[in-house]
file run-v3.cif (mmCIF, C-alpha atoms and all ligand atoms)
data_my_file
#
loop_
_atom_site.label_atom_id
_atom_site.label_comp_id
_atom_site.auth_asym_id
_atom_site.auth_seq_id
_atom_site.Cartn_x
_atom_site.Cartn_y
_atom_site.Cartn_z
CA MET A 12 -12.11 -17.18 -27.44
CA PRO A 13 -11.60 -18.38 -23.84
CA GLU A 14 -11.64 -15.68 -21.15
CA ILE A 15 -8.20 -14.47 -20.06
CA TYR A 16 -7.32 -14.08 -16.37
CA ALA A 17 -4.37 -12.33 -14.71
CA LYS A 18 -2.65 -14.86 -12.44
CA LEU A 19 -0.43 -13.70 -9.58
CA SER A 20 2.67 -15.64 -10.58
CA GLY A 21 5.24 -14.02 -8.28
CA MET A 22 5.55 -11.70 -5.29
CA GLY A 23 8.61 -9.89 -3.95
CA LYS A 24 9.37 -7.28 -1.31
CA TYR A 25 12.17 -5.10 -0.10
CA VAL A 26 12.41 -3.01 3.06
CA PRO A 27 15.42 -0.84 3.93
CA GLU A 28 17.69 -2.19 6.67
CA LYS A 29 17.53 0.85 8.93
CA ILE A 30 14.96 0.32 11.72
CA CYS A 31 13.42 3.27 13.54
CA THR A 32 11.76 2.11 16.77
CA ASN A 33 9.20 3.98 18.85
CA ALA A 34 12.00 4.57 21.37
CA ASP A 35 14.03 6.28 18.61
CA LEU A 36 11.07 8.60 17.90
CA GLU A 37 10.77 9.44 21.62
CA LYS A 38 14.14 11.18 21.20
CA ILE A 39 12.86 13.34 18.31
CA VAL A 40 9.29 14.36 19.27
CA ASP A 41 7.11 14.47 22.39
CA THR A 42 5.71 10.95 22.08
CA SER A 43 5.96 7.57 23.79
CA ASP A 44 6.12 3.91 22.85
CA GLU A 45 2.98 3.45 24.93
CA TRP A 46 0.99 6.09 22.96
CA ILE A 47 2.13 4.86 19.55
CA THR A 48 1.51 1.19 20.42
CA THR A 49 -1.94 1.64 21.92
CA ARG A 50 -3.16 4.24 19.35
CA THR A 51 -1.75 2.59 16.23
CA GLY A 52 -0.23 -0.86 16.90
CA ILE A 53 3.05 0.27 15.31
CA LYS A 54 6.31 -0.71 17.08
CA GLU A 55 8.89 0.12 14.42
CA ARG A 56 9.31 1.17 10.78
CA ARG A 57 12.07 1.14 8.14
CA PHE A 58 13.77 4.24 6.70
CA ALA A 59 15.75 4.37 3.48
CA ASP A 60 19.13 6.09 3.70
CA GLU A 61 19.77 9.51 2.23
CA ASN A 62 20.85 8.26 -1.20
CA THR A 63 18.20 5.58 -1.66
CA TYR A 64 14.99 6.49 -3.47
CA THR A 65 11.67 4.84 -4.30
CA SER A 66 12.91 3.50 -7.66
CA ASP A 67 15.85 1.74 -5.95
CA ILE A 68 13.71 -0.19 -3.50
CA ALA A 69 10.99 -0.81 -6.11
CA ALA A 70 13.61 -2.42 -8.39
CA LYS A 71 14.78 -4.73 -5.59
CA ALA A 72 11.20 -5.91 -4.92
CA ALA A 73 10.65 -6.34 -8.67
CA VAL A 74 13.73 -8.54 -9.08
CA ALA A 75 12.50 -10.78 -6.23
CA ALA A 76 9.00 -11.06 -7.75
CA LEU A 77 10.38 -11.92 -11.20
CA ALA A 78 12.62 -14.61 -9.69
CA GLN A 79 9.63 -16.20 -7.96
CA ALA A 80 7.58 -16.06 -11.18
CA ASN A 81 10.56 -17.44 -13.13
CA ILE A 82 10.17 -14.68 -15.69
CA ALA A 83 13.08 -12.74 -17.19
CA ALA A 84 13.02 -8.94 -17.05
CA SER A 85 13.15 -8.93 -20.86
CA GLU A 86 9.74 -10.69 -20.95
CA VAL A 87 7.97 -7.94 -18.97
CA GLU A 88 5.65 -5.91 -21.20
CA LEU A 89 4.18 -3.50 -18.66
CA ILE A 90 5.48 -1.90 -15.45
CA ILE A 91 3.16 0.13 -13.25
CA VAL A 92 4.52 1.70 -10.06
CA ALA A 93 2.01 2.95 -7.50
CA THR A 94 3.63 5.67 -5.41
CA VAL A 95 3.20 9.13 -3.87
CA THR A 96 6.96 9.45 -3.42
CA ALA A 97 8.23 9.28 -7.01
CA ASP A 98 11.96 10.08 -7.29
CA MET A 99 11.23 12.77 -9.90
CA LEU A 100 8.27 14.37 -11.69
CA THR A 101 9.74 12.87 -14.85
CA PRO A 102 10.99 10.27 -15.72
CA ASN A 103 8.28 8.33 -13.94
CA THR A 104 9.37 5.76 -11.35
CA ALA A 105 8.37 2.83 -13.58
CA CYS A 106 10.81 4.04 -16.28
CA LEU A 107 13.57 4.27 -13.65
CA VAL A 108 12.74 0.71 -12.51
CA GLN A 109 12.70 -0.49 -16.13
CA ASN A 110 16.25 0.79 -16.54
CA LEU A 111 17.45 -0.62 -13.20
CA ILE A 112 16.17 -4.15 -13.87
CA GLY A 113 16.74 -4.23 -17.66
CA ALA A 114 13.08 -4.70 -18.64
CA ASN A 115 13.68 -2.81 -21.86
CA LYS A 116 10.54 -3.97 -23.67
CA ALA A 117 8.11 -2.76 -21.01
CA VAL A 118 5.64 0.10 -21.26
CA CYS A 119 6.02 2.17 -18.05
CA PHE A 120 3.89 4.53 -16.01
CA ASP A 121 3.13 5.49 -12.41
CA ILE A 122 -0.18 5.68 -10.60
CA ASN A 123 -0.78 8.06 -7.72
CA ALA A 124 -3.71 6.90 -5.61
CA ALA A 125 -1.88 7.06 -2.25
CA CYS A 126 -2.49 4.04 -0.03
CA SER A 127 -5.02 2.60 -2.52
CA GLY A 128 -2.39 2.84 -5.26
CA PHE A 129 -1.44 -0.83 -5.43
CA ILE A 130 -5.08 -1.89 -5.94
CA TYR A 131 -5.55 0.85 -8.57
CA ALA A 132 -2.39 -0.35 -10.38
CA LEU A 133 -3.44 -3.99 -10.14
CA THR A 134 -6.84 -3.11 -11.60
CA VAL A 135 -5.28 -1.28 -14.57
CA ALA A 136 -2.79 -4.08 -15.26
CA ASN A 137 -5.61 -6.62 -15.03
CA GLN A 138 -7.45 -4.77 -17.84
CA PHE A 139 -4.37 -4.86 -20.10
CA ILE A 140 -3.99 -8.59 -19.50
CA LYS A 141 -7.68 -9.47 -19.85
CA SER A 142 -7.87 -7.55 -23.14
CA GLY A 143 -5.00 -9.64 -24.53
CA ALA A 144 -2.69 -6.59 -24.90
CA TYR A 145 0.05 -7.95 -22.60
CA LYS A 146 0.98 -11.35 -21.15
CA ASN A 147 3.38 -10.35 -18.34
CA ALA A 148 3.09 -7.27 -16.14
CA LEU A 149 4.95 -6.01 -13.09
CA VAL A 150 2.80 -4.15 -10.58
CA ILE A 151 4.74 -2.45 -7.80
CA GLY A 152 3.78 -0.43 -4.74
CA ALA A 153 6.79 1.50 -3.44
CA GLU A 154 7.31 4.44 -1.11
CA CYS A 155 10.04 6.41 0.61
CA LEU A 156 7.66 8.25 2.92
CA SER A 157 10.50 9.18 5.29
CA LYS A 158 11.50 11.77 2.65
CA VAL A 159 8.13 13.58 2.96
CA THR A 160 7.59 13.09 6.70
CA GLU A 161 7.61 16.17 8.95
CA PHE A 162 9.68 14.95 11.89
CA LYS A 163 8.57 17.95 13.99
CA ASP A 164 4.92 16.85 13.75
CA ARG A 165 4.15 14.10 16.27
CA ASP A 166 0.63 13.69 14.85
CA THR A 167 2.02 12.14 11.66
CA CYS A 168 5.74 11.33 11.95
CA VAL A 169 5.18 8.21 14.06
CA LEU A 170 2.95 6.60 11.45
CA PHE A 171 4.95 6.13 8.28
CA GLY A 172 7.74 3.94 6.91
CA ASP A 173 9.52 3.00 3.67
CA GLY A 174 9.29 -0.19 1.61
CA ALA A 175 8.39 -1.80 -1.71
CA GLY A 176 6.26 -4.77 -2.74
CA ALA A 177 6.00 -6.16 -6.27
CA SER A 178 3.79 -8.63 -8.06
CA VAL A 179 4.05 -10.32 -11.44
CA LEU A 180 0.79 -10.83 -13.31
CA THR A 181 0.73 -13.44 -16.07
CA ALA A 182 -2.03 -14.16 -18.59
CA THR A 183 -3.78 -17.54 -18.26
CA THR A 184 -7.00 -19.10 -19.49
CA GLU A 185 -7.47 -20.92 -16.17
CA GLU A 186 -10.11 -19.31 -13.96
CA THR A 187 -7.66 -18.06 -11.33
CA GLY A 188 -5.86 -14.90 -10.26
CA ILE A 189 -7.82 -11.65 -10.21
CA LEU A 190 -11.55 -12.45 -10.09
CA ALA A 191 -12.98 -9.01 -9.25
CA THR A 192 -11.79 -5.48 -8.54
CA HIS A 193 -13.55 -2.32 -7.42
CA LEU A 194 -12.27 1.26 -7.07
CA GLY A 195 -13.66 4.51 -5.68
CA ALA A 196 -12.68 8.12 -5.06
CA ASP A 197 -13.99 11.27 -3.34
CA GLY A 198 -12.02 14.31 -4.44
CA ALA A 199 -14.25 16.66 -2.45
CA SER A 200 -12.83 15.25 0.81
CA GLY A 201 -9.22 15.16 -0.36
CA ASN A 202 -7.98 17.99 1.85
CA VAL A 203 -7.95 15.79 4.98
CA LEU A 204 -4.68 14.19 3.82
CA THR A 205 -2.20 16.06 1.66
CA ILE A 206 1.45 16.14 0.61
CA GLY A 207 2.48 19.32 -1.18
CA GLY A 208 4.15 19.26 -4.58
CA ILE A 209 4.62 21.96 -7.21
CA ARG A 210 1.78 23.89 -5.60
CA GLU A 211 3.52 25.03 -2.45
CA ASP A 212 0.64 27.14 -1.08
CA ASP A 213 -1.28 23.96 -0.24
CA ASP A 214 -2.46 24.07 3.36
CA LYS A 215 0.13 26.65 4.45
CA SER A 216 -2.06 27.82 7.33
CA ARG A 217 -2.27 24.40 8.93
CA ARG A 218 1.42 23.56 8.65
CA PRO A 219 3.01 25.18 11.71
CA HIS A 220 6.34 23.65 10.80
CA GLY A 221 6.32 25.47 7.49
CA ASN A 222 7.31 22.71 5.10
CA PRO A 223 4.66 22.43 2.36
CA ARG A 224 6.19 19.28 0.91
CA THR A 225 5.48 17.04 3.89
CA VAL A 226 2.45 15.02 4.99
CA TRP A 227 -0.47 16.83 6.60
CA MET A 228 -3.38 14.81 7.92
CA ASP A 229 -6.55 15.21 9.92
CA GLY A 230 -6.07 11.82 11.57
CA SER A 231 -9.47 11.39 13.14
CA GLU A 232 -11.34 12.30 9.91
CA VAL A 233 -9.22 9.78 7.96
CA PHE A 234 -9.79 7.24 10.73
CA LYS A 235 -13.61 7.46 10.51
CA PHE A 236 -13.55 7.35 6.69
CA ALA A 237 -11.18 4.36 6.76
CA VAL A 238 -13.28 2.15 9.05
CA ARG A 239 -16.45 2.87 7.08
CA VAL A 240 -14.95 2.47 3.61
CA MET A 241 -13.05 -0.74 4.45
CA ALA A 242 -16.19 -2.49 5.66
CA ASP A 243 -18.36 -1.15 2.79
CA GLU A 244 -15.72 -1.98 0.21
CA LEU A 245 -15.37 -5.58 1.37
CA ASP A 246 -19.16 -5.96 1.20
CA THR A 247 -19.17 -4.57 -2.36
CA ILE A 248 -16.34 -6.71 -3.68
CA MET A 249 -17.75 -9.90 -2.17
CA GLY A 250 -21.04 -9.19 -3.96
CA MET A 251 -19.22 -8.54 -7.25
CA ALA A 252 -17.25 -11.80 -6.96
CA GLY A 253 -20.40 -13.76 -5.99
CA LYS A 254 -18.74 -14.72 -2.68
CA THR A 255 -19.26 -14.08 1.01
CA ILE A 256 -16.63 -13.17 3.57
CA ASP A 257 -16.84 -16.79 4.80
CA ASP A 258 -15.60 -18.03 1.39
CA VAL A 259 -12.40 -16.02 1.75
CA ASP A 260 -9.31 -17.63 3.33
CA LEU A 261 -7.53 -14.35 4.09
CA ILE A 262 -8.10 -10.60 4.00
CA VAL A 263 -5.03 -8.42 3.38
CA PRO A 264 -5.97 -4.84 4.27
CA HIS A 265 -4.01 -1.60 4.01
CA GLN A 266 -1.78 -1.41 7.09
CA ALA A 267 -2.40 2.05 8.58
CA ASN A 268 -3.60 1.45 12.13
CA ILE A 269 -4.60 -1.73 13.99
CA ARG A 270 -7.62 0.12 15.44
CA ILE A 271 -8.90 0.87 11.91
CA ILE A 272 -8.57 -2.82 10.98
CA ASP A 273 -10.25 -3.93 14.23
CA GLY A 274 -13.07 -1.41 13.65
CA ALA A 275 -13.72 -2.72 10.14
CA VAL A 276 -13.57 -6.36 11.34
CA LYS A 277 -16.15 -5.54 14.01
CA ARG A 278 -18.47 -3.84 11.48
CA LEU A 279 -18.17 -6.83 9.14
CA LYS A 280 -18.55 -9.35 11.98
CA CYS A 281 -15.77 -11.41 10.39
CA ASP A 282 -13.19 -13.67 12.02
CA LYS A 283 -10.20 -11.55 13.07
CA ASN A 284 -7.85 -14.49 12.47
CA LYS A 285 -8.63 -14.18 8.76
CA VAL A 286 -7.04 -10.72 8.63
CA PHE A 287 -3.31 -10.43 7.97
CA THR A 288 -1.40 -7.64 9.69
CA ASN A 289 2.27 -6.68 9.76
CA LEU A 290 1.99 -2.97 10.55
CA HIS A 291 3.73 -3.44 13.92
CA LYS A 292 6.98 -4.02 11.97
CA TYR A 293 6.69 -1.40 9.23
CA GLY A 294 4.05 1.26 10.03
CA ASN A 295 2.05 2.67 7.14
CA MET A 296 3.96 2.40 3.85
CA SER A 297 1.11 3.78 1.72
CA ALA A 298 1.06 2.01 -1.69
CA ALA A 299 3.68 -0.50 -0.51
CA SER A 300 1.73 -1.75 2.52
CA ILE A 301 -0.65 -4.13 0.73
CA PRO A 302 1.88 -5.85 -1.59
CA ILE A 303 4.40 -6.28 1.25
CA ALA A 304 1.68 -7.72 3.50
CA LEU A 305 0.54 -10.04 0.71
CA CYS A 306 4.11 -11.17 0.06
CA GLU A 307 4.65 -11.90 3.77
CA ALA A 308 1.30 -13.72 4.05
CA MET A 309 2.50 -16.02 1.26
CA GLU A 310 5.98 -16.42 2.79
CA GLU A 311 4.40 -17.36 6.13
CA GLY A 312 2.18 -20.00 4.50
CA ARG A 313 -1.04 -18.10 5.26
CA LEU A 314 -2.02 -18.46 1.58
CA LYS A 315 -1.51 -21.55 -0.55
CA GLU A 316 -2.30 -22.20 -4.21
CA GLY A 317 -6.05 -22.19 -4.83
CA ASP A 318 -6.91 -20.11 -1.73
CA LEU A 319 -9.24 -17.16 -2.12
CA PHE A 320 -8.21 -13.81 -0.65
CA ALA A 321 -9.32 -10.19 -0.61
CA LEU A 322 -7.31 -6.97 -0.72
CA VAL A 323 -8.80 -3.75 0.61
CA GLY A 324 -7.26 -0.29 0.81
CA PHE A 325 -8.05 3.38 1.41
CA GLY A 326 -6.03 6.55 1.37
CA GLY A 327 -5.34 10.07 0.18
CA GLY A 328 -7.41 11.46 -2.64
CA LEU A 329 -9.56 10.26 -1.01
CA THR A 330 -9.37 6.91 -2.75
CA TRP A 331 -10.28 3.32 -1.97
CA GLY A 332 -10.32 -0.06 -3.66
CA SER A 333 -10.61 -3.80 -3.27
CA ALA A 334 -9.92 -7.03 -5.10
CA VAL A 335 -10.83 -10.72 -4.82
CA ILE A 336 -8.04 -12.99 -6.03
CA ARG A 337 -7.40 -16.73 -6.23
CA ALA A 338 -3.82 -17.56 -5.26
O1 LIG A 401 -3.17 5.36 5.13
C1 LIG A 401 -4.08 6.41 5.24
C2 LIG A 401 -3.46 7.49 6.02
N1 LIG A 401 -3.53 7.54 7.41
C3 LIG A 401 -4.26 6.86 8.30
O2 LIG A 401 -4.92 5.93 8.03
C4 LIG A 401 -4.28 7.33 9.70
C5 LIG A 401 -5.68 7.47 10.21
N2 LIG A 401 -5.75 8.02 11.56
C6 LIG A 401 -5.19 7.41 12.63
O3 LIG A 401 -4.62 6.35 12.53
C7 LIG A 401 -5.39 8.05 13.98
O4 LIG A 401 -6.34 9.09 13.88
C8 LIG A 401 -4.07 8.62 14.59
C9 LIG A 401 -3.16 7.49 15.00
C10 LIG A 401 -3.37 9.52 13.60
C11 LIG A 401 -4.40 9.44 15.84
O5 LIG A 401 -5.13 8.65 16.76
P1 LIG A 401 -6.43 9.27 17.47
O6 LIG A 401 -6.93 8.26 18.40
O7 LIG A 401 -7.34 9.74 16.38
O8 LIG A 401 -5.81 10.45 18.30
P2 LIG A 401 -6.11 12.02 18.19
O9 LIG A 401 -5.63 12.56 16.89
O10 LIG A 401 -7.54 12.23 18.56
O11 LIG A 401 -5.19 12.58 19.32
C12 LIG A 401 -5.36 12.23 20.69
C13 LIG A 401 -4.32 12.95 21.51
C14 LIG A 401 -4.16 14.42 21.21
O12 LIG A 401 -3.94 15.10 22.44
P3 LIG A 401 -5.13 15.89 23.18
O13 LIG A 401 -5.58 16.92 22.19
O14 LIG A 401 -6.18 14.84 23.45
O15 LIG A 401 -4.47 16.40 24.40
C15 LIG A 401 -2.91 14.49 20.38
O16 LIG A 401 -2.24 15.72 20.51
O17 LIG A 401 -3.02 12.37 21.27
C16 LIG A 401 -2.09 13.39 20.98
N3 LIG A 401 -1.08 12.87 20.07
C17 LIG A 401 0.04 12.25 20.49
N4 LIG A 401 0.52 11.99 21.72
C18 LIG A 401 1.68 11.33 21.80
C19 LIG A 401 -1.11 12.87 18.71
N5 LIG A 401 -0.01 12.27 18.23
C20 LIG A 401 0.72 11.87 19.32
C21 LIG A 401 1.95 11.20 19.47
N6 LIG A 401 2.38 10.93 20.73
N7 LIG A 401 2.67 10.79 18.42
#

call {"tool": "encode", "arguments": {"input": "run-v3.cif", "output": "structure tokens"}}
result
Amino acid sequence: MPEIYAKLSGMGKYVPEKICTNADLEKIVDTSDEWITTRTGIKERRFADENTYTSDIAAKAAVAALAQANIAASEVELIIVATVTADMLTPNTACLVQNLIGANKAVCFDINAACSGFIYALTVANQFIKSGAYKNALVIGAECLSKVTEFKDRDTCVLFGDGAGASVLTATTEETGILATHLGADGASGNVLTIGGIREDDDKSRRPHGNPRTVWMDGSEVFKFAVRVMADELDTIMGMAGKTIDDVDLIVPHQANIRIIDGAVKRLKCDKNKVFTNLHKYGNMSAASIPIALCEAMEEGRLKEGDLFALVGFGGGLTWGSAVIRA
């Protein structure tokens, strides 16, 4: 039996129309465009309106990805949505997307691995395809972080935005698509980045604004972890794929902070021009950041068929992950 690979046959994205600039945030909290730009690289982000939820934007990205892959919704056998901002505890977001796009034959579940979620979901879908269980899968990273942002907390409210990115994976016997993936987690350090849920006592003492269902983060701890793990993770995945960083045409990292990306690039001693960034336009969209960045890299012609690229992400959990893929 020839080996089966999961080819990336379509990408799609959707970001809400409403733009929130740094100047808009200056009117809400004690911050400045200068601080946000120099500390993070972010200039603006998108916010979904009151009646739009993660499933709605995920479905829009999914429809775009299916169109590019030339695959009908009825052919999709698996939908995985990576998100920390699911519309409901149940049904899961993937079931809501299934209904919205009419993919009525698909098996559906969500994955919560925060900003590493898309790579976790891609890894799981890759296993289903490689095993021969499914031929077509939709892997989506989608977030409405504006709904869990504490707009009284300047430490975090300037960082996040809403958006959705989707990919279609298709089974092939050609040696292309996903070549290697690697995941990691450190639950013991998870309390540096939390969003409350059912358990509302979480971190009450460190939430002066009182809302347990919003983001709390020790930014500098996450920052140090992020620089270290991104560089280590890229080293690991290159080894697993039998490649070096020089073999890769593009690196698409999680888009949290330009200084984190620059720090990792410096540690790796790799060419900065090989690293795709779009965080200035969208901020950190957690699980949606990587697929939206990948979609835009393709739209902008930064990746063409046959090119080799790497994904690398880190986030709450703590979690991290990477992948080497042939376009
Ligand atoms: O996707 C994974 C999740 N998140 C991340 O990856 C984020 C990781 N962390 C970061 O990106 C950075 O740590 C931040 C951007 C959050 C913060 O940057 P920093 O260089 O670590 O700044 P800091 O937290 O050390 O704060 C420096 C100063 C503080 O003032 P003092 O104590 O020095 O007087 C903060 O109060 O900046 C102040 N500050 C602000 N000032 C203006 C914090 N937030 C703001 C703000 N505007 N929005």

call {"tool": "residues_near_ligand", "arguments": {"input": "run-v3.cif", "ligand": "ligand LIG 401 (chain A)", "cutoff": "8 Å", "atoms": "all atoms listed in the file", "output": "ChimeraX atom specification"}}
result
/A:40-43,46-47,50-51,125-126,164-170,204,228-235,237,265-268,270-271,295-297,325-327

call {"tool": "atom_distance", "arguments": {"input": "run-v3.cif", "atom1": "atom CA of Phe287 of chain A", "atom2": "atom CA of Leu261 of chain A"}}
result
6.9 Å

call {"tool": "closest_residue", "arguments": {"input": "run-v3.cif", "among": "A:Ile122, A:Ile53, A:Leu329, A:Ala72", "to": "Ile269 of chain A", "atoms": "all atoms listed in the file"}}
result
A:Ile53

call {"tool": "residues_near_point", "arguments": {"input": "run-v3.cif", "point": "(-7.6, -11.6, -4.2)", "cutoff": "10 Å", "atoms": "only C-alpha atoms", "output": "ChimeraX atom specification"}}
result
/A:19,187-192,259-263,305,318-323,333-338

call {"tool": "residues_around", "arguments": {"input": "run-v3.cif", "residues": "Gly128 of chain A", "least_positions_apart": "2", "cutoff": "10 Å", "atoms": "all atoms listed in the file", "output": "PyMOL selection string"}}
result
chain A and resi 92-95+121-126+130-134+151-153+297-301+324-327+330-332

call {"tool": "atom_distance", "arguments": {"input": "run-v3.cif", "atom1": "atom CA of Asp98 of chain A", "atom2": "atom CA of Pro27 of chain A"}}
result
16.0 Å

call {"tool": "residues_around", "arguments": {"input": "run-v3.cif", "residues": "Ser20 of chain A", "least_positions_apart": "4", "cutoff": "10 Å", "atoms": "all atoms listed in the file", "output": "ChimeraX atom specification"}}
result
/A:76-77,79-82,147,178-182,188,338

call {"tool": "write_last_selection", "arguments": {"input": "run-v3.cif", "atoms": "C-alpha atoms", "output": "PDB file, in the coordinates of the input"}}
result
ATOM      1  CA  ALA A  76       9.000 -11.060  -7.750  1.00  0.00           C
ATOM      2  CA  LEU A  77      10.380 -11.920 -11.200  1.00  0.00           C
ATOM      3  CA  GLN A  79       9.630 -16.200  -7.960  1.00  0.00           C
ATOM      4  CA  ALA A  80       7.580 -16.060 -11.180  1.00  0.00           C
ATOM      5  CA  ASN A  81      10.560 -17.440 -13.130  1.00  0.00           C
ATOM      6  CA  ILE A  82      10.170 -14.680 -15.690  1.00  0.00           C
ATOM      7  CA  ASN A 147       3.380 -10.350 -18.340  1.00  0.00           C
ATOM      8  CA  SER A 178       3.790  -8.630  -8.060  1.00  0.00           C
ATOM      9  CA  VAL A 179       4.050 -10.320 -11.440  1.00  0.00           C
ATOM     10  CA  LEU A 180       0.790 -10.830 -13.310  1.00  0.00           C
ATOM     11  CA  THR A 181       0.730 -13.440 -16.070  1.00  0.00           C
ATOM     12  CA  ALA A 182      -2.030 -14.160 -18.590  1.00  0.00           C
ATOM     13  CA  GLY A 188      -5.860 -14.900 -10.260  1.00  0.00           C
ATOM     14  CA  ALA A 338      -3.820 -17.560  -5.260  1.00  0.00           C
TER      15      ALA A 338
END

call {"tool": "residues_around", "arguments": {"input": "run-v3.cif", "residues": "Thr225 of chain A", "least_positions_apart": "4", "cutoff": "10 Å", "atoms": "all atoms listed in the file", "output": "list in words"}}
result
Leu156, Ser157, Lys158, Val159, Thr160, Glu161, Phe162, Asp164, Thr167, Cys168, Thr205, Ile206, Gly207, Gly208, Arg218, His220 and Gly221 of chain A

call {"tool": "write_last_selection", "arguments": {"input": "run-v3.cif", "atoms": "C-alpha atoms", "output": "compact mmCIF listing (two decimals), keeping the file's coordinate frame"}}
result
# COMPACT_ATOMS: atom_id res chain seq x y z
CA LEU A 156 7.66 8.25 2.92
CA SER A 157 10.50 9.18 5.29
CA LYS A 158 11.50 11.77 2.65
CA VAL A 159 8.13 13.58 2.96
CA THR A 160 7.59 13.09 6.70
CA GLU A 161 7.61 16.17 8.95
CA PHE A 162 9.68 14.95 11.89
CA ASP A 164 4.92 16.85 13.75
CA THR A 167 2.02 12.14 11.66
CA CYS A 168 5.74 11.33 11.95
CA THR A 205 -2.20 16.06 1.66
CA ILE A 206 1.45 16.14 0.61
CA GLY A 207 2.48 19.32 -1.18
CA GLY A 208 4.15 19.26 -4.58
CA ARG A 218 1.42 23.56 8.65
CA HIS A 220 6.34 23.65 10.80
CA GLY A 221 6.32 25.47 7.49

call {"tool": "atom_distance", "arguments": {"input": "run-v3.cif", "atom1": "atom CA of Ala84 of chain A", "atom2": "atom CA of Lys24 of chain A"}}
result
16.2 Å

call {"tool": "residues_around", "arguments": {"input": "run-v3.cif", "residues": "Val238 of chain A", "least_positions_apart": "5", "cutoff": "9 Å", "atoms": "all atoms listed in the file", "output": "ChimeraX atom specification"}}
result
/A:233,243,270-276,278

call {"tool": "residues_near_point", "arguments": {"input": "run-v3.cif", "point": "(4.8, 4.0, -17.6)", "cutoff": "12 Å", "atoms": "only C-alpha atoms", "output": "PyMOL selection string"}}
result
chain A and resi 88-93+101-110+115-122+132+135-136+148-151

call {"tool": "residues_around", "arguments": {"input": "run-v3.cif", "residues": "Tyr64 of chain A", "least_positions_apart": "4", "cutoff": "9 Å", "atoms": "all atoms listed in the file", "output": "NGL selection string"}}
result
:A and (59-60 or 68-69 or 96-98 or 154-155 or 158)

call {"tool": "closest_residue", "arguments": {"input": "run-v3.cif", "among": "A:Pro13, A:Pro219, A:Val226, A:Cys281", "to": "Asp246 of chain A", "atoms": "only C-alpha atoms"}}
result
A:Cys281
